[in-house]
Amino acid sequence: MGWYNSPGSWNVGKKFGKLAKSRFWDGLFPGPDEEPAKCFELDGKQGPKYVASRSGSVLQYTGHLAYLIMQISKEELGTQVEGKRITKQNKMQPPPNDQPNLTLPNEEPARTIPPRSGRHALFAIIPMFVSITACVLCVCMLDWFCFSMILLGIVSNGIFSVVIGSARLVLQGVNSASTAPPGDGMLMDGDNIVLLFGKEEDVATITRGKFVLEYNSLIRDEYNAIGLCSFLLVIQLLLQLLLISQGKFGGQIMFLISFAFSWAYNLYLSSIDNEYIQQQVILRELRLEEKHIQTFVFGTRTTAAVFACLMLQPPGVFAESEWKRLGFEPEDIIRNFMPNNTPVWIAWKEKVLEVMRKRDGSRDTCHDLLKIDSSDEETFGQADRELIRQLLEDARIAYDQAMNEQNWLTE
């Protein structure tokens, strides 16, 4: 739908000309070679840190898809979890643990995204009609210079749109071993935490997957076709600069009018939220419906840390020996929230771990474990006792919230 005389051909040609990979094109369009997905801003954003709760792996940086998932979390208002102290906002957005498998056996984990239609395609008729009408009026005025330059703009921009738009958009996943543990873990970006529950290949798609633009073999061959189209756009600008001044005043007005309508349409296209569309694609392809996503706003990082530990704990597993066999290390999860290792924090963490060992008991039993005992009274001074009381209060709030959400998670 790009058959109109569009401004900005020089910038477009220089940007996409870098896709061509031969020495000739590298000399004409200098700069690092990029993949098509990066040129269209479908890749290249750095995602947050990822901590796996079972495998023990830690990725300091994830990919573009994880970045988009984190942005979704940040935009959610969330449910405010009650607490006496509200100091920070921590958002937790756990997708469900019943994610469908993205792949069939022995197949690459990739999904082709169908083309998206909308008003933008319908509105393209306006600049196309104006550009063609301008050509006809230039012929009526016998202004062959302006006619040829408007026609050149229509043809060069149209061919470029057809070639560059012929790609298939693919959501590329990551293969994982059939014996891999569940991919449960968390994305961490400051006070924004996203808990991920699901099969390893599904979570790996979020943390290490990416969008890919796949062209047919004719275009993919060093992207020479894209290089030629980009070169044509650069030549278009140079010829228009030289020859439009030779045309008649009426033809020059027609040329500017075609530019004005095309510029307005391009401005409309640039106002479309590209990241929002990508987010919706991920949610749709991974079948993350609204019922699969929950967002909470916690008052403190300690509340968020305990909530994360309880939610990531393997269901029905309470013995530490079983935790180690499954690769679950709750101390490491807490350490990623708060690296504190003072006596107060050590005592608090031990109480949290004791609750995790006995959480199959009653609520009162677990709440009793999250209270100061006589040994704490003897060991700590007044200031430390007040601190641990506040920390234990946060833990009780997190325990109640986690128990409420356990039923939702297993639905």
# chains A, B, ... in the order shown; residues from 1 in each chain; ligands from 1
>>> select_by_dssp(residues="range 66-270 of chain A", states="alpha helix (DSSP H)", output="PyMOL selection string")
chain A and resi 66-75+119-123+125-140+144-164+200-208+217-220+224-243+249-270
>>> residues_around(residues="Gly185 in chain A", least_positions_apart="2", cutoff="9 Å", atoms="only C-alpha atoms", output="PyMOL selection string")
chain A and resi 50-54+182-183+187+194-197+203+312
>>> residues_around(residues="range 358-367 of chain A", least_positions_apart="2", cutoff="9 Å", atoms="only C-alpha atoms", output="list in words")
Gly316, Phe318, Ala319, Leu353, Glu354, Val355, Met356, Leu369, Leu370, Lys371, Ala395, Arg396, Tyr399 and Asp400 of chain A
>>> atom_distance(atom1="CA of Phe29 in chain A", atom2="CA of Gly153 in chain A")
20.4 Å
>>> residues_around(residues="Leu391 in chain A", least_positions_apart="4", cutoff="10 Å", atoms="only C-alpha atoms", output="PyMOL selection string")
chain A and resi 300-303+344-345+348-349+370-371+385-387+395-396
>>> write_last_selection(atoms="N, CA and C atoms", output="PDB file, in the first residue's frame")
ATOM      1  N   THR A 300       6.177  -3.431  50.441  1.00  0.00           N
ATOM      2  CA  THR A 300       7.628  -3.493  50.655  1.00  0.00           C
ATOM      3  C   THR A 300       8.231  -4.632  49.851  1.00  0.00           C
ATOM      4  N   ARG A 301       9.553  -4.577  49.703  1.00  0.00           N
ATOM      5  CA  ARG A 301      10.252  -5.651  49.001  1.00  0.00           C
ATOM      6  C   ARG A 301      10.248  -6.937  49.814  1.00  0.00           C
ATOM      7  N   THR A 302      10.199  -6.831  51.136  1.00  0.00           N
ATOM      8  CA  THR A 302      10.147  -8.048  51.942  1.00  0.00           C
ATOM      9  C   THR A 302       8.846  -8.802  51.686  1.00  0.00           C
ATOM     10  N   THR A 303       7.738  -8.089  51.577  1.00  0.00           N
ATOM     11  CA  THR A 303       6.466  -8.741  51.254  1.00  0.00           C
ATOM     12  C   THR A 303       6.552  -9.408  49.883  1.00  0.00           C
ATOM     13  N   VAL A 344      19.616  -9.960  62.214  1.00  0.00           N
ATOM     14  CA  VAL A 344      18.164  -9.789  62.149  1.00  0.00           C
ATOM     15  C   VAL A 344      17.606 -10.437  60.884  1.00  0.00           C
ATOM     16  N   TRP A 345      18.241 -10.175  59.753  1.00  0.00           N
ATOM     17  CA  TRP A 345      17.763 -10.727  58.498  1.00  0.00           C
ATOM     18  C   TRP A 345      17.924 -12.240  58.445  1.00  0.00           C
ATOM     19  N   TRP A 348      15.110 -13.642  60.444  1.00  0.00           N
ATOM     20  CA  TRP A 348      13.849 -13.493  59.694  1.00  0.00           C
ATOM     21  C   TRP A 348      13.748 -14.529  58.574  1.00  0.00           C
ATOM     22  N   LYS A 349      14.847 -14.727  57.829  1.00  0.00           N
ATOM     23  CA  LYS A 349      14.820 -15.699  56.738  1.00  0.00           C
ATOM     24  C   LYS A 349      14.580 -17.113  57.253  1.00  0.00           C
ATOM     25  N   LEU A 370       5.638 -16.864  62.383  1.00  0.00           N
ATOM     26  CA  LEU A 370       6.080 -15.551  61.903  1.00  0.00           C
ATOM     27  C   LEU A 370       5.878 -14.493  62.982  1.00  0.00           C
ATOM     28  N   LYS A 371       6.236 -14.849  64.183  1.00  0.00           N
ATOM     29  CA  LYS A 371       6.184 -13.914  65.308  1.00  0.00           C
ATOM     30  C   LYS A 371       7.480 -13.988  66.098  1.00  0.00           C
ATOM     31  N   ARG A 385      14.497  -5.546  67.480  1.00  0.00           N
ATOM     32  CA  ARG A 385      13.216  -6.232  67.702  1.00  0.00           C
ATOM     33  C   ARG A 385      12.088  -5.543  66.941  1.00  0.00           C
ATOM     34  N   GLU A 386      12.125  -4.215  66.907  1.00  0.00           N
ATOM     35  CA  GLU A 386      11.105  -3.488  66.159  1.00  0.00           C
ATOM     36  C   GLU A 386      11.225  -3.775  64.661  1.00  0.00           C
ATOM     37  N   LEU A 387      12.457  -3.866  64.164  1.00  0.00           N
ATOM     38  CA  LEU A 387      12.686  -4.154  62.744  1.00  0.00           C
ATOM     39  C   LEU A 387      12.168  -5.543  62.382  1.00  0.00           C
ATOM     40  N   ALA A 395       5.834 -10.553  56.153  1.00  0.00           N
ATOM     41  CA  ALA A 395       5.799 -11.965  55.769  1.00  0.00           C
ATOM     42  C   ALA A 395       4.397 -12.552  55.959  1.00  0.00           C
ATOM     43  N   ARG A 396       3.707 -12.155  57.018  1.00  0.00           N
ATOM     44  CA  ARG A 396       2.346 -12.667  57.232  1.00  0.00           C
ATOM     45  C   ARG A 396       1.399 -12.184  56.132  1.00  0.00           C
TER      46      ARG A 396
END
>>> closest_residue(among="A:Gln246, A:Asn216, A:Gln280, A:Gln406", to="Ile113 in chain A", atoms="only C-alpha atoms")
A:Gln280
>>> closest_residue(among="A:Ile193, A:Ala304, A:Val136, A:Ala121", to="Tyr268 in chain A", atoms="only C-alpha atoms")
A:Ala121
>>> atom_distance(atom1="CA of Glu350 in chain A", atom2="CA of Gln294 in chain A")
28.4 Å
>>> select_by_dssp(residues="range 152-333 of chain A", states="strand (DSSP E or B)", output="count of residues only")
23
>>> closest_atom_pairs(of="range 115-234 of chain A", to="range 38-43 of chain A", cutoff="9 Å", atoms="only C-alpha atoms", output="Markdown table")
| residue | atom | partner | partner_atom | distance |
| --- | --- | --- | --- | --- |
| A:Lys210 | CA | A:Asp43 | CA | 6.7 |
| A:Phe211 | CA | A:Leu42 | CA | 6.1 |
| A:Val212 | CA | A:Leu42 | CA | 7.8 |
| A:Leu213 | CA | A:Leu42 | CA | 8.9 |
>>> closest_residue(among="A:Gly227, A:Gly47, A:Gly78, A:Pro115", to="Gln60 in chain A", atoms="only C-alpha atoms")
A:Gly47
>>> closest_residue(among="A:Pro36, A:Gly299, A:Pro127, A:Gly63", to="Arg168 in chain A", atoms="only C-alpha atoms")
A:Pro36
>>> closest_residue(among="A:Ser131, A:Asn192, A:Thr79, A:Asn274", to="Val155 in chain A", atoms="only C-alpha atoms")
A:Ser131
>>> atom_distance(atom1="CA of Ile257 in chain A", atom2="CA of Ile226 in chain A")
28.1 Å
>>> residues_around(residues="Pro330 in chain A", least_positions_apart="3", cutoff="10 Å", atoms="only C-alpha atoms", output="ChimeraX atom specification")
/A:53-54,305-306,308-310,312-313,320,323-324,327,333-335,349,352-353,356
>>> write_last_selection(atoms="all heavy atoms", output="compact mmCIF listing (two decimals), in the first residue's frame")
# COMPACT_ATOMS: atom_id res chain seq x y z
N SER A 53 13.83 -20.47 39.21
CA SER A 53 13.66 -20.98 40.57
C SER A 53 14.03 -22.45 40.71
O SER A 53 14.26 -22.93 41.82
CB SER A 53 12.21 -20.79 41.03
OG SER A 53 11.34 -21.57 40.23
N ARG A 54 14.11 -23.18 39.60
CA ARG A 54 14.43 -24.62 39.65
C ARG A 54 15.82 -24.93 39.13
O ARG A 54 16.60 -25.59 39.78
CB ARG A 54 13.40 -25.41 38.85
CG ARG A 54 11.97 -25.27 39.31
CD ARG A 54 11.65 -26.09 40.54
NE ARG A 54 10.22 -26.11 40.79
CZ ARG A 54 9.40 -27.07 40.39
NH1 ARG A 54 9.88 -28.10 39.71
NH2 ARG A 54 8.11 -27.00 40.64
N ALA A 305 9.25 -10.45 48.35
CA ALA A 305 10.19 -11.57 48.40
C ALA A 305 9.54 -12.83 48.95
O ALA A 305 9.69 -13.92 48.40
CB ALA A 305 11.41 -11.19 49.24
N VAL A 306 8.79 -12.70 50.04
CA VAL A 306 8.13 -13.85 50.64
C VAL A 306 7.05 -14.39 49.70
O VAL A 306 6.90 -15.60 49.52
CB VAL A 306 7.54 -13.49 52.02
CG1 VAL A 306 6.77 -14.67 52.60
CG2 VAL A 306 8.64 -13.06 52.98
N ALA A 308 7.01 -14.21 46.46
CA ALA A 308 7.68 -14.90 45.36
C ALA A 308 8.15 -16.29 45.79
O ALA A 308 7.99 -17.27 45.05
CB ALA A 308 8.86 -14.07 44.86
N CYS A 309 8.74 -16.40 46.98
CA CYS A 309 9.20 -17.70 47.48
C CYS A 309 8.05 -18.70 47.59
O CYS A 309 8.16 -19.85 47.17
CB CYS A 309 9.88 -17.54 48.83
SG CYS A 309 11.58 -16.95 48.75
N LEU A 310 6.95 -18.25 48.16
CA LEU A 310 5.81 -19.14 48.37
C LEU A 310 5.17 -19.55 47.05
O LEU A 310 4.73 -20.70 46.88
CB LEU A 310 4.79 -18.47 49.28
CG LEU A 310 5.25 -18.22 50.72
CD1 LEU A 310 4.23 -17.36 51.47
CD2 LEU A 310 5.47 -19.53 51.46
N LEU A 312 6.70 -19.67 44.08
CA LEU A 312 7.62 -20.46 43.27
C LEU A 312 7.96 -21.80 43.92
O LEU A 312 8.60 -22.65 43.27
CB LEU A 312 8.91 -19.67 43.03
CG LEU A 312 8.77 -18.42 42.15
CD1 LEU A 312 10.06 -17.61 42.17
CD2 LEU A 312 8.41 -18.80 40.71
N GLN A 313 7.57 -21.99 45.17
CA GLN A 313 7.83 -23.26 45.83
C GLN A 313 7.14 -24.40 45.09
O GLN A 313 5.95 -24.30 44.77
CB GLN A 313 7.35 -23.22 47.28
CG GLN A 313 7.62 -24.48 48.08
CD GLN A 313 7.15 -24.37 49.52
OE1 GLN A 313 6.63 -23.33 49.93
NE2 GLN A 313 7.33 -25.42 50.29
N GLU A 320 13.32 -29.93 52.83
CA GLU A 320 14.46 -29.27 52.23
C GLU A 320 15.25 -30.21 51.34
O GLU A 320 15.83 -29.79 50.34
CB GLU A 320 15.38 -28.70 53.32
CG GLU A 320 14.89 -27.38 53.90
CD GLU A 320 15.97 -26.67 54.68
OE1 GLU A 320 16.97 -26.24 54.08
OE2 GLU A 320 15.80 -26.53 55.91
N TRP A 323 13.66 -30.07 48.10
CA TRP A 323 13.96 -28.79 47.44
C TRP A 323 15.28 -28.89 46.69
O TRP A 323 15.39 -28.48 45.54
CB TRP A 323 14.04 -27.66 48.47
CG TRP A 323 12.75 -27.31 49.12
CD1 TRP A 323 11.51 -27.76 48.78
CD2 TRP A 323 12.57 -26.44 50.24
NE1 TRP A 323 10.55 -27.23 49.62
CE2 TRP A 323 11.18 -26.41 50.52
CE3 TRP A 323 13.42 -25.69 51.03
CZ2 TRP A 323 10.65 -25.65 51.55
CZ3 TRP A 323 12.90 -24.93 52.06
CH2 TRP A 323 11.52 -24.91 52.32
N LYS A 324 16.30 -29.41 47.38
CA LYS A 324 17.63 -29.49 46.77
C LYS A 324 17.62 -30.44 45.58
O LYS A 324 18.28 -30.20 44.57
CB LYS A 324 18.66 -29.93 47.81
CG LYS A 324 18.86 -28.91 48.94
CD LYS A 324 19.96 -29.32 49.87
CE LYS A 324 20.13 -28.32 51.01
NZ LYS A 324 20.49 -26.98 50.51
N GLY A 327 16.24 -28.64 42.77
CA GLY A 327 16.97 -27.42 42.40
C GLY A 327 16.34 -26.15 42.91
O GLY A 327 16.71 -25.05 42.45
N ILE A 333 16.38 -16.93 46.14
CA ILE A 333 15.30 -16.04 45.70
C ILE A 333 15.25 -14.81 46.59
O ILE A 333 15.17 -13.67 46.10
CB ILE A 333 13.95 -16.79 45.72
CG1 ILE A 333 13.96 -17.93 44.70
CG2 ILE A 333 12.80 -15.83 45.44
CD1 ILE A 333 12.72 -18.79 44.72
N ILE A 334 15.31 -15.04 47.91
CA ILE A 334 15.28 -13.89 48.84
C ILE A 334 16.50 -13.01 48.63
O ILE A 334 16.41 -11.78 48.67
CB ILE A 334 15.22 -14.41 50.29
CG1 ILE A 334 13.89 -15.15 50.53
CG2 ILE A 334 15.36 -13.25 51.28
CD1 ILE A 334 13.77 -15.77 51.90
N ARG A 335 17.66 -13.63 48.38
CA ARG A 335 18.89 -12.87 48.21
C ARG A 335 18.81 -11.96 46.99
O ARG A 335 19.43 -10.89 46.97
CB ARG A 335 20.07 -13.83 48.10
CG ARG A 335 21.45 -13.16 48.26
CD ARG A 335 22.57 -14.18 48.25
NE ARG A 335 22.44 -15.10 49.38
CZ ARG A 335 22.20 -16.40 49.25
NH1 ARG A 335 22.06 -16.94 48.05
NH2 ARG A 335 22.11 -17.17 50.33
N LYS A 349 14.85 -14.73 57.83
CA LYS A 349 14.82 -15.70 56.74
C LYS A 349 14.58 -17.11 57.25
O LYS A 349 13.88 -17.91 56.61
CB LYS A 349 16.13 -15.64 55.95
CG LYS A 349 16.20 -14.46 54.99
CD LYS A 349 17.43 -14.50 54.11
CE LYS A 349 18.65 -13.98 54.83
NZ LYS A 349 19.81 -13.81 53.93
N VAL A 352 10.93 -17.56 57.80
CA VAL A 352 10.22 -17.71 56.53
C VAL A 352 10.41 -19.12 55.98
O VAL A 352 9.45 -19.76 55.51
CB VAL A 352 10.71 -16.65 55.51
CG1 VAL A 352 10.13 -16.94 54.13
CG2 VAL A 352 10.33 -15.25 55.96
N LEU A 353 11.63 -19.63 56.05
CA LEU A 353 11.89 -20.99 55.57
C LEU A 353 11.12 -22.02 56.39
O LEU A 353 10.65 -23.03 55.84
CB LEU A 353 13.39 -21.28 55.62
CG LEU A 353 14.28 -20.46 54.68
CD1 LEU A 353 15.74 -20.79 54.89
CD2 LEU A 353 13.89 -20.71 53.22
N MET A 356 7.72 -22.23 55.11
CA MET A 356 7.67 -22.95 53.85
C MET A 356 7.74 -24.46 54.08
O MET A 356 7.19 -25.24 53.30
CB MET A 356 8.82 -22.49 52.93
CG MET A 356 8.72 -21.04 52.52
SD MET A 356 10.07 -20.50 51.46
CE MET A 356 9.72 -21.43 49.97
>>> closest_residue(among="A:Pro114, A:Gly198, A:Gly190, A:Gly17", to="Val170 in chain A", atoms="only C-alpha atoms")
A:Pro114
